[in-house]
Amino acid sequence: MSKGAISQFIQKYYLHFNAASVVDAAKEYENQLNKGNKMLVSLAGAMSTAELGKIFAEMIRQDKVHIISCTGANLEEDIMNLVAHSHYKRIPNYRDLTPKEEWDLLEKGLNRVTDTCIPEEEAFRRLQKHIFKIWKDAEEKGERYFPHEFMYKMLLSGVLEEYYEIDIKDSWMYAAAEKNLPIVVPGWEDSTMGNIFASYVLKGELKASTMKSGIEYMTFLADWYTESTQPSVSEGIGFFQIGGGIAGDFPICVVPMLYQDMERTDTPFWSYFCQISDSTTSFGSYSGAVPNEKITWGKLDIDTPKFIIESDATIVAPLIFAYLLDM
């Protein structure tokens, strides 16, 4: 298939420095897929509130993403945008807000994420009453699930359909739910829904054990990685990291864990690595570490294709996805 206008544009004009890295990383991502490799995409920051779902959902539908690692915020905020989009409030002058103006937003139930406020009542509480019932029903049946599995159940049950405020095709979580795409959500407890679940545990209305844990996510990921790197399945698994933090650090560690701690020395390294981040290299920062540092931790090989794009992921990630979708 011939490349579209966006792809042609970046190939013509993105020739040096970070711009060239965008094109190089996109081409190698495509090469990985063409070789039959799988790809993990990690989502940090507030990419769901940035409405990455408008293009990321299509990446999922076209099988260009095979597993996702995301923060609890990204897991829930895509669904919040789905059911409460018209109630979001944009604050273009967010840099100029006084503490009093920030407090006024809180009193109006508007929780600010940079220039965008998420409406508490229409987003958080609208999901809460439905997800609590799903949590409670599972507990009464003696069933346990991962955070993303509960979200899938809620989406696929249809209980949220009356609230939809955007085209369902623009929700990456819905696209993932339809495919039952594997997701790992490290540190889910610090998300809004994680806090809400903890509050029910404190009140004695739910048991903590109803929710599968981070350790179980790691063992799930280890099994998935082992199965997915069998020669009959794929030649390797690439790692496309949007932002830094736990969404990236958690899943990339599965390789040294299998190789060193499990002593499975036939475990292949990640076959590709790209990170989009505006974090600079500093004292012990994971987000700002150059890819070669990961060689010393047994995550990447000497010859692994490695890319780092020091830029804003809300600008760069859609461009790379557009290239991969031949837009």
# chains A, B, ... in the order shown; residues from 1 in each chain; ligands from 1

$ residues_around --residues "stretch 170-176 of chain A" --least-positions-apart "3" --cutoff "7 Å" --atoms "only C-alpha atoms" --output "JSON, numbers by chain"
{"A": [53, 54, 56, 57, 60, 61, 78, 79, 82, 155, 167, 179, 180, 181]}

$ write_last_selection --atoms "N, CA, C and O atoms" --output "compact mmCIF listing (two decimals), in the first residue's frame"
# COMPACT_ATOMS: atom_id res chain seq x y z
N GLY A 53 -6.61 8.13 21.67
CA GLY A 53 -7.49 7.07 21.19
C GLY A 53 -7.99 7.27 19.78
O GLY A 53 -8.31 6.30 19.07
N LYS A 54 -8.05 8.52 19.32
CA LYS A 54 -8.54 8.80 17.98
C LYS A 54 -7.72 8.08 16.91
O LYS A 54 -8.25 7.72 15.87
N PHE A 56 -4.91 5.78 18.10
CA PHE A 56 -4.40 4.55 18.72
C PHE A 56 -5.40 3.41 18.59
O PHE A 56 -5.01 2.24 18.44
N ALA A 57 -6.68 3.72 18.61
CA ALA A 57 -7.71 2.68 18.46
C ALA A 57 -7.56 1.98 17.10
O ALA A 57 -7.73 0.76 17.00
N ILE A 60 -4.76 -0.49 17.09
CA ILE A 60 -5.19 -1.74 17.72
C ILE A 60 -6.02 -2.57 16.74
O ILE A 60 -5.80 -3.77 16.58
N ARG A 61 -6.97 -1.92 16.08
CA ARG A 61 -7.84 -2.64 15.15
C ARG A 61 -7.04 -3.27 14.01
O ARG A 61 -7.39 -4.34 13.52
N ASP A 78 -9.48 7.09 29.14
CA ASP A 78 -10.07 6.90 27.82
C ASP A 78 -11.57 6.65 27.94
O ASP A 78 -12.36 7.17 27.13
N ILE A 79 -11.97 5.89 28.94
CA ILE A 79 -13.40 5.60 29.13
C ILE A 79 -14.12 6.84 29.65
O ILE A 79 -15.27 7.11 29.27
N LEU A 82 -14.91 8.95 26.85
CA LEU A 82 -16.00 8.34 26.08
C LEU A 82 -17.36 8.74 26.62
O LEU A 82 -18.29 9.02 25.85
N LEU A 155 -17.22 -2.24 29.64
CA LEU A 155 -17.41 -1.74 28.28
C LEU A 155 -18.27 -2.69 27.44
O LEU A 155 -19.19 -2.25 26.74
N ASP A 167 -17.58 9.21 19.17
CA ASP A 167 -17.70 8.02 18.33
C ASP A 167 -16.93 6.88 18.98
O ASP A 167 -15.76 7.04 19.36
N LYS A 179 -10.96 -6.86 21.13
CA LYS A 179 -9.95 -7.86 20.77
C LYS A 179 -9.46 -8.65 21.98
O LYS A 179 -8.66 -9.57 21.83
N ASN A 180 -9.94 -8.27 23.18
CA ASN A 180 -9.41 -8.85 24.43
C ASN A 180 -7.88 -8.75 24.43
O ASN A 180 -7.17 -9.71 24.76
N LEU A 181 -7.40 -7.58 24.06
CA LEU A 181 -5.96 -7.34 23.97
C LEU A 181 -5.31 -7.43 25.35
O LEU A 181 -5.85 -6.88 26.32

$ atom_distance --atom1 "atom CA of A:Asp312" --atom2 "atom CA of A:Ile276"
7.2 Å

$ residues_around --residues "stretch 92-96 of chain A" --least-positions-apart "6" --cutoff "10 Å" --atoms "only C-alpha atoms" --output "PyMOL selection string"
chain A and resi 102+112-116

$ write_last_selection --atoms "C-alpha atoms" --output "mmCIF file, in the first residue's frame"
data_model
loop_
_atom_site.group_PDB
_atom_site.id
_atom_site.type_symbol
_atom_site.label_atom_id
_atom_site.label_comp_id
_atom_site.auth_asym_id
_atom_site.auth_seq_id
_atom_site.Cartn_x
_atom_site.Cartn_y
_atom_site.Cartn_z
ATOM 1 C CA GLU A 102 -7.147 26.363 40.952
ATOM 2 C CA ARG A 112 -7.082 19.768 35.896
ATOM 3 C CA VAL A 113 -4.640 17.839 33.710
ATOM 4 C CA THR A 114 -2.461 20.569 32.171
ATOM 5 C CA ASP A 115 -4.914 22.466 29.937
ATOM 6 C CA THR A 116 -7.872 20.091 30.326
#

$ residues_around --residues "A:Gln8" --least-positions-apart "5" --cutoff "9 Å" --atoms "only C-alpha atoms" --output "PyMOL selection string"
chain A and resi 3+13+323+327

$ select_by_dssp --residues "stretch 52-297 of chain A" --states "strand (DSSP E)" --output "PyMOL selection string"
chain A and resi 67-70+89-90+110-113+116-119+183-184+237-242+272-277

$ atom_distance --atom1 "atom CA of A:Ile91" --atom2 "atom CA of A:Met151"
28.8 Å
